>>> print(open('target.cif').read())   # mmCIF, C-alpha atoms and all ligand atoms
data_my_file
loop_
_atom_site.group_PDB
_atom_site.id
_atom_site.type_symbol
_atom_site.label_atom_id
_atom_site.label_comp_id
_atom_site.auth_asym_id
_atom_site.auth_seq_id
_atom_site.Cartn_x
_atom_site.Cartn_y
_atom_site.Cartn_z
ATOM 1 C CA MET F 16 -156.040 -254.201 -33.371
ATOM 2 C CA PRO F 17 -159.037 -254.403 -35.720
ATOM 3 C CA GLU F 18 -158.511 -252.834 -39.117
ATOM 4 C CA GLY F 19 -161.097 -251.913 -41.715
ATOM 5 C CA ASP F 20 -161.314 -255.444 -43.110
ATOM 6 C CA THR F 21 -162.181 -256.858 -39.666
ATOM 7 C CA ILE F 22 -164.958 -254.325 -39.081
ATOM 8 C CA PHE F 23 -166.289 -254.770 -42.620
ATOM 9 C CA ARG F 24 -166.461 -258.527 -42.101
ATOM 10 C CA ALA F 25 -168.070 -258.163 -38.668
ATOM 11 C CA ALA F 26 -170.717 -255.831 -40.111
ATOM 12 C CA ALA F 27 -171.444 -258.213 -42.995
ATOM 13 C CA THR F 28 -171.816 -261.173 -40.608
ATOM 14 C CA LEU F 29 -174.076 -259.222 -38.243
ATOM 15 C CA ASN F 30 -176.121 -257.980 -41.178
ATOM 16 C CA ARG F 31 -176.707 -261.500 -42.501
ATOM 17 C CA ALA F 32 -177.806 -262.668 -39.047
ATOM 18 C CA LEU F 33 -179.906 -259.707 -37.933
ATOM 19 C CA GLN F 34 -181.276 -257.766 -40.902
ATOM 20 C CA GLY F 35 -185.067 -257.827 -40.987
ATOM 21 C CA GLN F 36 -185.251 -259.542 -37.582
ATOM 22 C CA VAL F 37 -187.185 -258.161 -34.620
ATOM 23 C CA VAL F 38 -185.224 -257.373 -31.471
ATOM 24 C CA THR F 39 -186.439 -259.468 -28.533
ATOM 25 C CA ARG F 40 -183.972 -258.311 -25.894
ATOM 26 C CA PHE F 41 -181.428 -255.531 -25.385
ATOM 27 C CA VAL F 42 -178.833 -255.429 -22.600
ATOM 28 C CA SER F 43 -175.971 -253.037 -21.954
ATOM 29 C CA VAL F 44 -173.649 -252.072 -19.124
ATOM 30 C CA TYR F 45 -173.573 -248.485 -20.398
ATOM 31 C CA PRO F 46 -176.128 -246.286 -18.567
ATOM 32 C CA ALA F 47 -176.490 -243.931 -21.554
ATOM 33 C CA LEU F 48 -177.651 -246.868 -23.670
ATOM 34 C CA THR F 49 -179.979 -248.424 -21.090
ATOM 35 C CA ARG F 50 -181.582 -245.028 -20.540
ATOM 36 C CA VAL F 51 -182.505 -244.813 -24.231
ATOM 37 C CA ASP F 52 -183.726 -248.405 -24.070
ATOM 38 C CA SER F 53 -186.008 -247.737 -21.118
ATOM 39 C CA ASP F 54 -187.382 -244.530 -22.680
ATOM 40 C CA THR F 55 -187.844 -245.938 -26.195
ATOM 41 C CA PRO F 56 -187.427 -249.735 -25.989
ATOM 42 C CA LEU F 57 -185.274 -251.614 -28.463
ATOM 43 C CA ALA F 58 -187.413 -254.754 -28.087
ATOM 44 C CA GLY F 59 -189.992 -254.785 -30.866
ATOM 45 C CA ARG F 60 -187.883 -252.745 -33.287
ATOM 46 C CA THR F 61 -186.632 -254.317 -36.499
ATOM 47 C CA VAL F 62 -182.928 -254.365 -37.359
ATOM 48 C CA ASP F 63 -182.824 -252.462 -40.651
ATOM 49 C CA GLY F 64 -179.182 -253.271 -41.339
ATOM 50 C CA VAL F 65 -175.592 -253.280 -40.135
ATOM 51 C CA GLU F 66 -172.745 -251.548 -41.961
ATOM 52 C CA SER F 67 -169.170 -250.435 -41.396
ATOM 53 C CA ARG F 68 -167.854 -246.943 -41.913
ATOM 54 C CA GLY F 69 -164.058 -247.036 -41.644
ATOM 55 C CA LYS F 70 -163.481 -248.667 -38.268
ATOM 56 C CA HIS F 71 -166.941 -247.730 -36.957
ATOM 57 C CA LEU F 72 -169.836 -250.172 -36.939
ATOM 58 C CA LEU F 73 -173.386 -248.864 -37.406
ATOM 59 C CA MET F 74 -176.439 -250.953 -36.459
ATOM 60 C CA ARG F 75 -179.672 -249.377 -37.693
ATOM 61 C CA PHE F 76 -183.050 -250.046 -36.040
ATOM 62 C CA SER F 77 -186.544 -249.121 -37.178
ATOM 63 C CA GLY F 78 -187.848 -245.885 -35.694
ATOM 64 C CA ASP F 79 -184.688 -243.904 -36.550
ATOM 65 C CA LEU F 80 -182.322 -245.320 -33.951
ATOM 66 C CA ILE F 81 -178.698 -246.154 -34.777
ATOM 67 C CA LEU F 82 -176.141 -247.853 -32.534
ATOM 68 C CA ARG F 83 -172.585 -246.751 -33.298
ATOM 69 C CA THR F 84 -169.727 -248.801 -31.859
ATOM 70 C CA HIS F 85 -165.969 -248.525 -32.242
ATOM 71 C CA MET F 86 -163.649 -251.421 -31.387
ATOM 72 C CA ARG F 87 -160.468 -249.463 -30.638
ATOM 73 C CA MET F 88 -157.776 -251.944 -29.516
ATOM 74 C CA SER F 89 -159.610 -254.957 -28.117
ATOM 75 C CA GLY F 90 -163.340 -254.706 -28.807
ATOM 76 C CA SER F 91 -165.236 -257.218 -30.933
ATOM 77 C CA TRP F 92 -168.743 -258.264 -31.948
ATOM 78 C CA HIS F 93 -169.689 -261.936 -31.739
ATOM 79 C CA ILE F 94 -172.798 -263.689 -32.973
ATOM 80 C CA TYR F 95 -174.271 -266.659 -31.106
ATOM 81 C CA ARG F 96 -177.303 -268.907 -31.216
ATOM 82 C CA PRO F 97 -179.529 -268.457 -28.144
ATOM 83 C CA GLY F 98 -178.050 -270.419 -25.242
ATOM 84 C CA GLU F 99 -174.707 -270.969 -27.001
ATOM 85 C CA ARG F 100 -171.659 -270.558 -24.770
ATOM 86 C CA TRP F 101 -169.855 -267.196 -25.246
ATOM 87 C CA GLN F 102 -166.180 -267.274 -26.179
ATOM 88 C CA ARG F 103 -165.329 -264.339 -23.949
ATOM 89 C CA PRO F 104 -166.117 -263.825 -20.243
ATOM 90 C CA ARG F 105 -169.455 -262.327 -19.281
ATOM 91 C CA ALA F 106 -167.550 -259.504 -17.541
ATOM 92 C CA ASP F 107 -166.359 -258.331 -20.987
ATOM 93 C CA MET F 108 -169.927 -257.954 -22.264
ATOM 94 C CA ARG F 109 -170.915 -254.367 -23.100
ATOM 95 C CA VAL F 110 -173.967 -254.733 -25.374
ATOM 96 C CA VAL F 111 -176.340 -257.564 -26.317
ATOM 97 C CA VAL F 112 -178.866 -257.333 -29.155
ATOM 98 C CA ALA F 113 -180.961 -260.509 -29.294
ATOM 99 C CA THR F 114 -183.528 -261.724 -31.808
ATOM 100 C CA ALA F 115 -185.476 -264.990 -31.858
ATOM 101 C CA THR F 116 -182.634 -266.712 -33.731
ATOM 102 C CA TYR F 117 -179.422 -264.901 -32.825
ATOM 103 C CA GLU F 118 -177.674 -263.090 -30.030
ATOM 104 C CA ALA F 119 -175.178 -260.381 -31.068
ATOM 105 C CA VAL F 120 -172.747 -259.552 -28.265
ATOM 106 C CA ALA F 121 -170.277 -256.662 -28.198
ATOM 107 C CA PHE F 122 -167.299 -257.357 -25.939
ATOM 108 C CA THR F 123 -165.130 -254.559 -24.469
ATOM 109 C CA VAL F 124 -166.186 -252.001 -27.085
ATOM 110 C CA PRO F 125 -165.061 -248.719 -25.509
ATOM 111 C CA VAL F 126 -167.367 -246.618 -27.683
ATOM 112 C CA ALA F 127 -171.087 -247.383 -27.918
ATOM 113 C CA GLU F 128 -173.734 -244.732 -28.407
ATOM 114 C CA PHE F 129 -177.202 -244.293 -29.830
ATOM 115 C CA HIS F 130 -177.902 -241.805 -32.578
ATOM 116 C CA THR F 131 -180.764 -240.613 -34.689
ATOM 117 C CA SER F 132 -179.955 -240.060 -38.363
ATOM 118 C CA ALA F 133 -179.835 -236.326 -37.602
ATOM 119 C CA SER F 134 -177.347 -236.662 -34.728
ATOM 120 C CA LEU F 135 -175.253 -239.136 -36.723
ATOM 121 C CA ALA F 136 -175.041 -236.608 -39.540
ATOM 122 C CA ARG F 137 -173.600 -234.131 -37.034
ATOM 123 C CA ASP F 138 -171.223 -236.643 -35.411
ATOM 124 C CA VAL F 139 -167.754 -235.147 -35.705
ATOM 125 C CA THR F 140 -165.744 -238.395 -35.667
ATOM 126 C CA LEU F 141 -167.819 -239.869 -38.476
ATOM 127 C CA GLN F 142 -168.028 -236.715 -40.546
ATOM 128 C CA SER F 143 -164.281 -236.154 -40.409
ATOM 129 C CA LEU F 144 -163.539 -239.676 -41.711
ATOM 130 C CA GLY F 145 -161.623 -239.823 -44.963
ATOM 131 C CA PRO F 146 -162.790 -241.990 -47.889
ATOM 132 C CA ASP F 147 -163.451 -245.584 -46.756
ATOM 133 C CA VAL F 148 -161.008 -247.844 -48.593
ATOM 134 C CA LEU F 149 -163.644 -250.609 -48.583
ATOM 135 C CA GLY F 150 -166.582 -248.297 -49.349
ATOM 136 C CA ASP F 151 -168.812 -248.820 -52.402
ATOM 137 C CA THR F 152 -168.229 -245.246 -53.458
ATOM 138 C CA PHE F 153 -164.460 -245.176 -52.877
ATOM 139 C CA SER F 154 -162.822 -242.820 -55.353
ATOM 140 C CA ILE F 155 -159.065 -242.938 -55.977
ATOM 141 C CA ASP F 156 -159.101 -239.297 -57.107
ATOM 142 C CA GLU F 157 -160.862 -238.125 -53.960
ATOM 143 C CA ALA F 158 -158.551 -240.175 -51.739
ATOM 144 C CA ARG F 159 -155.468 -238.848 -53.516
ATOM 145 C CA GLY F 160 -156.788 -235.331 -53.008
ATOM 146 C CA ARG F 161 -157.092 -235.970 -49.265
ATOM 147 C CA LEU F 162 -153.499 -237.203 -49.102
ATOM 148 C CA ARG F 163 -152.263 -234.205 -51.105
ATOM 149 C CA ALA F 164 -153.797 -231.955 -48.455
ATOM 150 C CA ALA F 165 -151.155 -233.230 -46.009
ATOM 151 C CA PRO F 166 -147.945 -232.752 -48.067
ATOM 152 C CA HIS F 167 -145.507 -232.861 -45.144
ATOM 153 C CA THR F 168 -146.921 -236.029 -43.598
ATOM 154 C CA ARG F 169 -144.902 -239.240 -43.939
ATOM 155 C CA ILE F 170 -146.827 -241.725 -46.053
ATOM 156 C CA ALA F 171 -146.670 -244.326 -43.247
ATOM 157 C CA ASP F 172 -148.439 -241.899 -40.878
ATOM 158 C CA ALA F 173 -150.857 -240.686 -43.556
ATOM 159 C CA LEU F 174 -152.142 -244.205 -44.237
ATOM 160 C CA LEU F 175 -153.050 -244.562 -40.536
ATOM 161 C CA ASP F 176 -154.726 -241.153 -40.269
ATOM 162 C CA GLN F 177 -158.451 -241.975 -40.440
ATOM 163 C CA ARG F 178 -159.233 -238.368 -41.425
ATOM 164 C CA LEU F 179 -157.229 -238.841 -44.621
ATOM 165 C CA LEU F 180 -158.187 -242.437 -45.400
ATOM 166 C CA ALA F 181 -160.498 -244.706 -43.384
ATOM 167 C CA GLY F 182 -159.894 -248.389 -42.771
ATOM 168 C CA ILE F 183 -156.129 -248.967 -42.843
ATOM 169 C CA GLY F 184 -154.359 -250.086 -39.671
ATOM 170 C CA ASN F 185 -150.797 -251.007 -38.851
ATOM 171 C CA VAL F 186 -150.608 -254.372 -40.624
ATOM 172 C CA PHE F 187 -151.927 -253.128 -43.959
ATOM 173 C CA LYS F 188 -149.829 -249.964 -43.708
ATOM 174 C CA SER F 189 -146.607 -252.000 -43.910
ATOM 175 C CA GLU F 190 -147.986 -254.445 -46.475
ATOM 176 C CA VAL F 191 -149.349 -251.764 -48.805
ATOM 177 C CA LEU F 192 -146.095 -249.801 -48.793
ATOM 178 C CA PHE F 193 -144.051 -252.922 -49.509
ATOM 179 C CA GLU F 194 -146.202 -253.953 -52.449
ATOM 180 C CA SER F 195 -146.118 -250.370 -53.748
ATOM 181 C CA ARG F 196 -142.313 -250.260 -53.232
ATOM 182 C CA VAL F 197 -142.591 -246.959 -51.373
ATOM 183 C CA ALA F 198 -140.336 -245.966 -48.459
ATOM 184 C CA PRO F 199 -142.383 -245.518 -45.250
ATOM 185 C CA SER F 200 -140.540 -242.277 -44.522
ATOM 186 C CA ALA F 201 -141.457 -240.681 -47.857
ATOM 187 C CA SER F 202 -143.422 -237.467 -47.485
ATOM 188 C CA ILE F 203 -146.636 -237.158 -49.483
ATOM 189 C CA ALA F 204 -145.064 -234.230 -51.340
ATOM 190 C CA SER F 205 -142.202 -236.424 -52.555
ATOM 191 C CA LEU F 206 -144.601 -238.914 -54.225
ATOM 192 C CA ASP F 207 -146.043 -238.290 -57.679
ATOM 193 C CA ASP F 208 -149.691 -238.889 -58.604
ATOM 194 C CA ASP F 209 -148.990 -242.248 -60.223
ATOM 195 C CA THR F 210 -147.333 -243.483 -57.036
ATOM 196 C CA LEU F 211 -150.177 -242.275 -54.792
ATOM 197 C CA THR F 212 -152.660 -243.893 -57.171
ATOM 198 C CA ARG F 213 -150.731 -247.167 -57.002
ATOM 199 C CA ILE F 214 -150.664 -247.058 -53.179
ATOM 200 C CA LEU F 215 -154.434 -246.518 -53.070
ATOM 201 C CA GLN F 216 -155.149 -249.276 -55.590
ATOM 202 C CA VAL F 217 -152.968 -251.713 -53.673
ATOM 203 C CA ALA F 218 -154.639 -250.731 -50.372
ATOM 204 C CA ARG F 219 -158.129 -251.349 -51.732
ATOM 205 C CA ARG F 220 -157.139 -254.655 -53.330
ATOM 206 C CA GLN F 221 -155.369 -255.935 -50.208
ATOM 207 C CA LEU F 222 -158.290 -255.056 -47.934
ATOM 208 C CA GLN F 223 -160.850 -256.470 -50.360
ATOM 209 C CA LEU F 224 -158.884 -259.714 -50.519
ATOM 210 C CA ASN F 225 -159.479 -260.047 -46.793
ATOM 211 C CA VAL F 226 -163.229 -259.452 -46.573
ATOM 212 C CA GLY F 227 -164.729 -262.317 -48.572
ATOM 213 C CA HIS F 228 -167.121 -264.641 -46.719
ATOM 214 C CA ASP F 229 -164.613 -267.454 -46.519
ATOM 215 C CA GLN F 230 -161.640 -265.365 -45.514
ATOM 216 C CA PRO F 231 -159.883 -266.219 -42.264
ATOM 217 C CA SER F 232 -160.207 -264.058 -39.173
ATOM 218 C CA SER F 233 -157.977 -261.066 -38.493
ATOM 219 C CA THR F 234 -155.221 -263.390 -37.303
ATOM 220 C CA GLY F 235 -155.254 -265.042 -40.716
ATOM 221 C CA ARG F 236 -154.847 -261.898 -42.806
ATOM 222 C CA ARG F 237 -152.990 -262.379 -46.041
ATOM 223 C CA THR F 238 -151.586 -260.146 -48.738
ATOM 224 C CA THR F 239 -149.051 -262.312 -50.551
ATOM 225 C CA GLY F 240 -151.520 -264.757 -52.080
ATOM 226 C CA ARG F 241 -149.277 -267.595 -50.860
ATOM 227 C CA LEU F 242 -150.969 -270.646 -49.409
ATOM 228 C CA ASN F 243 -148.239 -271.450 -46.876
ATOM 229 C CA PRO F 244 -149.584 -270.006 -43.581
ATOM 230 C CA ASP F 245 -146.087 -268.797 -42.650
ATOM 231 C CA GLU F 246 -145.911 -266.701 -45.811
ATOM 232 C CA ARG F 247 -149.235 -264.871 -45.604
ATOM 233 C CA LEU F 248 -147.700 -261.400 -45.258
ATOM 234 C CA PHE F 249 -144.883 -259.672 -47.163
ATOM 235 C CA VAL F 250 -143.158 -257.853 -44.311
ATOM 236 C CA TYR F 251 -145.369 -257.432 -41.230
ATOM 237 C CA GLY F 252 -143.982 -259.427 -38.291
ATOM 238 C CA ARG F 253 -140.944 -260.545 -40.329
ATOM 239 C CA ALA F 254 -138.154 -258.358 -38.872
ATOM 240 C CA GLY F 255 -134.752 -259.848 -39.729
ATOM 241 C CA ASP F 256 -136.234 -262.434 -42.114
ATOM 242 C CA PRO F 257 -135.233 -262.271 -45.784
ATOM 243 C CA CYS F 258 -137.368 -260.192 -48.158
ATOM 244 C CA TYR F 259 -139.362 -262.487 -50.477
ATOM 245 C CA ARG F 260 -138.242 -260.386 -53.453
ATOM 246 C CA CYS F 261 -134.562 -259.633 -52.838
ATOM 247 C CA GLY F 262 -133.431 -261.519 -49.741
ATOM 248 C CA THR F 263 -132.462 -258.395 -47.780
ATOM 249 C CA PRO F 264 -133.415 -258.676 -44.084
ATOM 250 C CA ILE F 265 -136.704 -256.925 -43.324
ATOM 251 C CA VAL F 266 -136.204 -253.874 -41.108
ATOM 252 C CA LEU F 267 -138.433 -252.901 -38.181
ATOM 253 C CA VAL F 268 -138.633 -249.276 -37.070
ATOM 254 C CA LYS F 269 -140.691 -247.757 -34.310
ATOM 255 C CA ASP F 270 -141.499 -244.171 -35.097
ATOM 256 C CA GLY F 271 -144.163 -241.722 -36.111
ATOM 257 C CA GLN F 272 -146.752 -240.081 -33.890
ATOM 258 C CA ASP F 273 -147.691 -243.089 -31.768
ATOM 259 C CA ALA F 274 -144.380 -244.937 -32.163
ATOM 260 C CA ARG F 275 -146.174 -247.506 -34.300
ATOM 261 C CA LEU F 276 -144.204 -250.411 -35.730
ATOM 262 C CA THR F 277 -143.287 -250.247 -39.388
ATOM 263 C CA TYR F 278 -141.778 -253.192 -41.268
ATOM 264 C CA TYR F 279 -140.104 -252.618 -44.629
ATOM 265 C CA CYS F 280 -137.417 -253.777 -47.053
ATOM 266 C CA PRO F 281 -134.738 -251.078 -47.354
ATOM 267 C CA LYS F 282 -133.714 -252.339 -50.796
ATOM 268 C CA CYS F 283 -137.118 -252.794 -52.464
ATOM 269 C CA GLN F 284 -138.871 -249.796 -50.946
ATOM 270 C CA VAL F 285 -136.899 -246.887 -52.313
ATOM 271 C CA VAL F 286 -139.607 -244.771 -53.978
ATOM 272 C CA GLY F 287 -139.608 -241.435 -52.156
ATOM 273 C CA SER F 288 -136.570 -242.333 -50.059
ATOM 274 C CA ASN F 289 -134.205 -239.948 -51.844
ATOM 275 C CA PRO F 290 -132.863 -237.749 -49.010
ATOM 276 C CA VAL F 291 -132.982 -234.696 -51.297
ATOM 277 C CA GLU F 292 -136.738 -235.136 -51.614
ATOM 278 C CA ARG F 293 -137.299 -235.561 -47.902
ATOM 279 C CA VAL F 294 -139.256 -232.809 -46.199
HETATM 280 ZN ZN ZN D 301 -136.559 -256.565 -50.819
#
>>> encode(input="target.cif", output="structure tokens")
Amino acid sequence: MPEGDTIFRAAATLNRALQGQVVTRFVSVYPALTRVDSDTPLAGRTVDGVESRGKHLLMRFSGDLILRTHMRMSGSWHIYRPGERWQRPRADMRVVVATATYEAVAFTVPVAEFHTSASLARDVTLQSLGPDVLGDTFSIDEARGRLRAAPHTRIADALLDQRLLAGIGNVFKSEVLFESRVAPSASIASLDDDTLTRILQVARRQLQLNVGHDQPSSTGRRTTGRLNPDERLFVYGRAGDPCYRCGTPIVLVKDGQDARLTYYCPKCQVVGSNPVERV
């Protein structure tokens, strides 16, 4: 499942390829999009820029038109040279934005809609997004305030709640909590400000580490800084394997609202795990 780093990287790649270029062709399987295209054609418009907002991707065109897409579980944007063979079947194609030099293809994106800047400003899903962990204007204080507003939420669930904090998915949730030494079951109320600050700093650093130009794809995420490809992550996907810090077997639990997987070290991650403090 794409997390904020994947979307951020996709937006940066699309932006480098398309910004300032004139659209030569637009194709979509979604009638709501093709209707806008036939009324007010995309061809001839300039791509003003592409950016990510949490897990949403925004492609801005001249003439106040914005394409918002969301990848959900399996969607992705690819960029190809004209005539280059696509890496996914044509049946998975949902949107194509072509210029003279590139062809941007969205595969199996379940959410794709056009907006004007006015309608985007009213868009409930976007407006309710918490601070974007990868955003230029990310503020630790603001993010901590959002978390504090949900005192009874388990920290593992809070990190996934895009209304509290935008950009973190299941992999980074486990990795951030391990590096912060915080128990996944800890309620927000049981964590002091210094601990919440540490969690947020670690989250931003881990995601930033994964968005550089030369970083591997989502399958190559890393948080440990180790070069060995088998040791890229602290705990995610390592159930039963020894903790890199203390040797205790990593535990996997399936819980929370969507029964999401959480990996953690029961010995290292004790902050907030005191039963007395549990809510
Ligand atoms: Zn450990």
>>> closest_residue(input="target.cif", among="F:Arg196, F:Arg109, F:Lys269, F:Arg247", to="ligand ZN 301 (chain D)", atoms="all atoms listed in the file")
F:Arg196
>>> residues_near_point(input="target.cif", point="(-158.0, -254.7, -48.7)", cutoff="9 Å", atoms="only C-alpha atoms", output="CSV table (one decimal) with C-alpha atoms, in the coordinates of the input")
chain,number,residue,atom,x,y,z
F,19,GLY,CA,-161.1,-251.9,-41.7
F,20,ASP,CA,-161.3,-255.4,-43.1
F,148,VAL,CA,-161.0,-247.8,-48.6
F,149,LEU,CA,-163.6,-250.6,-48.6
F,182,GLY,CA,-159.9,-248.4,-42.8
F,183,ILE,CA,-156.1,-249.0,-42.8
F,187,PHE,CA,-151.9,-253.1,-44.0
F,217,VAL,CA,-153.0,-251.7,-53.7
F,218,ALA,CA,-154.6,-250.7,-50.4
F,219,ARG,CA,-158.1,-251.3,-51.7
F,220,ARG,CA,-157.1,-254.7,-53.3
F,221,GLN,CA,-155.4,-255.9,-50.2
F,222,LEU,CA,-158.3,-255.1,-47.9
F,223,GLN,CA,-160.8,-256.5,-50.4
F,224,LEU,CA,-158.9,-259.7,-50.5
F,225,ASN,CA,-159.5,-260.0,-46.8
F,226,VAL,CA,-163.2,-259.5,-46.6
F,238,THR,CA,-151.6,-260.1,-48.7
>>> residues_around(input="target.cif", residues="Ser134 of chain F", least_positions_apart="5", cutoff="12 Å", atoms="only C-alpha atoms", output="number ranges by chain")
F: 79-83, 128-129, 139-142
>>> closest_residue(input="target.cif", among="F:Asp52, F:Glu194, F:Asp107, F:Glu246", to="ligand ZN 301 (chain D)", atoms="all atoms listed in the file")
F:Glu194
>>> residues_near_ligand(input="target.cif", ligand="ligand ZN 301 (chain D)", cutoff="9 Å", atoms="all atoms listed in the file", output="ChimeraX atom specification")
/F:193,196,257-265,279-284
>>> closest_residue(input="target.cif", among="F:Ile94, F:Ile214, F:Leu144, F:Leu135", to="Phe122 of chain F", atoms="all atoms listed in the file")
F:Ile94
>>> atom_distance(input="target.cif", atom1="atom CA of Leu174 of chain F", atom2="atom CA of Gly252 of chain F")
18.3 Å
>>> atom_distance(input="target.cif", atom1="atom CA of Ala164 of chain F", atom2="atom CA of Leu179 of chain F")
8.6 Å
>>> residues_around(input="target.cif", residues="Thr61 of chain F", least_positions_apart="5", cutoff="12 Å", atoms="all atoms listed in the file", output="list in words")
Leu33, Gln34, Gly35, Gln36, Val37, Val38, Thr39, Arg40, Pro56, Met74, Arg75, Phe76, Ser77, Gly78, Asp79, Leu80, Ile81, Val112, Ala113, Thr114 and Ala115 of chain F
>>> residues_around(input="target.cif", residues="Tyr45 of chain F", least_positions_apart="5", cutoff="12 Å", atoms="only C-alpha atoms", output="number ranges by chain")
F: 50-52, 108-111, 121, 123-129
>>> closest_residue(input="target.cif", among="F:Arg169, F:Phe153, F:Val268, F:His130", to="Ala47 of chain F", atoms="all atoms listed in the file")
F:His130
>>> atom_distance(input="target.cif", atom1="atom CA of Ala158 of chain F", atom2="atom CA of Leu215 of chain F")
7.7 Å
>>> resolve_selection(input="target.cif", expression="the PyMOL selection byres (((chain F and resi 168) around 12) and not hetatm)", output="list in words")
Arg161, Leu162, Arg163, Ala164, Ala165, Pro166, His167, Arg169, Ile170, Ala171, Asp172, Ala173, Leu174, Leu175, Asp176, Leu179, Pro199, Ser200, Ala201, Ser202, Ile203, Ala204, Ser205, Leu206, Gly271, Gln272, Arg293 and Val294 of chain F
>>> resolve_selection(input="target.cif", expression="the PyMOL selection byres (((chain F and resi 17) around 12) and not hetatm)", output="ChimeraX atom specification")
/F:16,18-25,69-72,85-92,124,182-187,232-234,236
>>> closest_residue(input="target.cif", among="F:Val44, F:Ala254, F:Leu57, F:Val65", to="Ser189 of chain F", atoms="all atoms listed in the file")
F:Ala254
>>> closest_residue(input="target.cif", among="F:Pro146, F:Ala27, F:Tyr278, F:Gly240", to="Asp256 of chain F", atoms="all atoms listed in the file")
F:Tyr278
>>> decode(input="target.cif", residues="segment 134-147 of chain F", atoms="N, CA, C and O atoms", output="PDB file, in the first residue's frame")
ATOM      1  N   SER F 134     -13.337  24.513  -5.737  1.00  0.00           N
ATOM      2  CA  SER F 134     -13.947  23.261  -5.276  1.00  0.00           C
ATOM      3  C   SER F 134     -12.948  22.441  -4.467  1.00  0.00           C
ATOM      4  O   SER F 134     -13.316  21.720  -3.547  1.00  0.00           O
ATOM      5  N   LEU F 135     -11.654  22.585  -4.809  1.00  0.00           N
ATOM      6  CA  LEU F 135     -10.632  21.863  -4.035  1.00  0.00           C
ATOM      7  C   LEU F 135     -10.576  22.408  -2.603  1.00  0.00           C
ATOM      8  O   LEU F 135     -10.400  21.662  -1.646  1.00  0.00           O
ATOM      9  N   ALA F 136     -10.756  23.715  -2.489  1.00  0.00           N
ATOM     10  CA  ALA F 136     -10.719  24.339  -1.165  1.00  0.00           C
ATOM     11  C   ALA F 136     -11.891  23.868  -0.299  1.00  0.00           C
ATOM     12  O   ALA F 136     -11.830  23.920   0.925  1.00  0.00           O
ATOM     13  N   ARG F 137     -12.951  23.413  -0.966  1.00  0.00           N
ATOM     14  CA  ARG F 137     -14.119  22.916  -0.214  1.00  0.00           C
ATOM     15  C   ARG F 137     -14.089  21.408  -0.034  1.00  0.00           C
ATOM     16  O   ARG F 137     -14.951  20.847   0.637  1.00  0.00           O
ATOM     17  N   ASP F 138     -13.126  20.728  -0.663  1.00  0.00           N
ATOM     18  CA  ASP F 138     -13.092  19.264  -0.664  1.00  0.00           C
ATOM     19  C   ASP F 138     -12.862  18.732   0.757  1.00  0.00           C
ATOM     20  O   ASP F 138     -11.835  18.999   1.363  1.00  0.00           O
ATOM     21  N   VAL F 139     -13.829  17.977   1.241  1.00  0.00           N
ATOM     22  CA  VAL F 139     -13.796  17.560   2.647  1.00  0.00           C
ATOM     23  C   VAL F 139     -12.607  16.657   2.971  1.00  0.00           C
ATOM     24  O   VAL F 139     -11.925  16.854   3.975  1.00  0.00           O
ATOM     25  N   THR F 140     -12.324  15.671   2.078  1.00  0.00           N
ATOM     26  CA  THR F 140     -11.211  14.760   2.390  1.00  0.00           C
ATOM     27  C   THR F 140      -9.890  15.506   2.499  1.00  0.00           C
ATOM     28  O   THR F 140      -9.070  15.214   3.364  1.00  0.00           O
ATOM     29  N   LEU F 141      -9.687  16.484   1.609  1.00  0.00           N
ATOM     30  CA  LEU F 141      -8.421  17.220   1.659  1.00  0.00           C
ATOM     31  C   LEU F 141      -8.375  18.169   2.849  1.00  0.00           C
ATOM     32  O   LEU F 141      -7.361  18.286   3.519  1.00  0.00           O
ATOM     33  N   GLN F 142      -9.494  18.838   3.092  1.00  0.00           N
ATOM     34  CA  GLN F 142      -9.497  19.834   4.167  1.00  0.00           C
ATOM     35  C   GLN F 142      -9.374  19.203   5.537  1.00  0.00           C
ATOM     36  O   GLN F 142      -8.910  19.829   6.486  1.00  0.00           O
ATOM     37  N   SER F 143      -9.809  17.934   5.668  1.00  0.00           N
ATOM     38  CA  SER F 143      -9.750  17.303   6.978  1.00  0.00           C
ATOM     39  C   SER F 143      -8.403  16.615   7.227  1.00  0.00           C
ATOM     40  O   SER F 143      -8.182  16.029   8.269  1.00  0.00           O
ATOM     41  N   LEU F 144      -7.487  16.689   6.229  1.00  0.00           N
ATOM     42  CA  LEU F 144      -6.179  16.052   6.396  1.00  0.00           C
ATOM     43  C   LEU F 144      -5.375  16.725   7.510  1.00  0.00           C
ATOM     44  O   LEU F 144      -5.348  17.935   7.617  1.00  0.00           O
ATOM     45  N   GLY F 145      -4.727  15.917   8.316  1.00  0.00           N
ATOM     46  CA  GLY F 145      -3.832  16.449   9.329  1.00  0.00           C
ATOM     47  C   GLY F 145      -2.560  16.971   8.682  1.00  0.00           C
ATOM     48  O   GLY F 145      -2.378  16.863   7.469  1.00  0.00           O
ATOM     49  N   PRO F 146      -1.641  17.522   9.482  1.00  0.00           N
ATOM     50  CA  PRO F 146      -0.377  18.038   8.940  1.00  0.00           C
ATOM     51  C   PRO F 146       0.370  16.958   8.152  1.00  0.00           C
ATOM     52  O   PRO F 146       0.472  15.826   8.616  1.00  0.00           O
ATOM     53  N   ASP F 147       0.863  17.324   6.966  1.00  0.00           N
ATOM     54  CA  ASP F 147       1.577  16.393   6.091  1.00  0.00           C
ATOM     55  C   ASP F 147       3.009  16.232   6.613  1.00  0.00           C
ATOM     56  O   ASP F 147       3.770  17.197   6.638  1.00  0.00           O
TER      57      ASP F 147
END
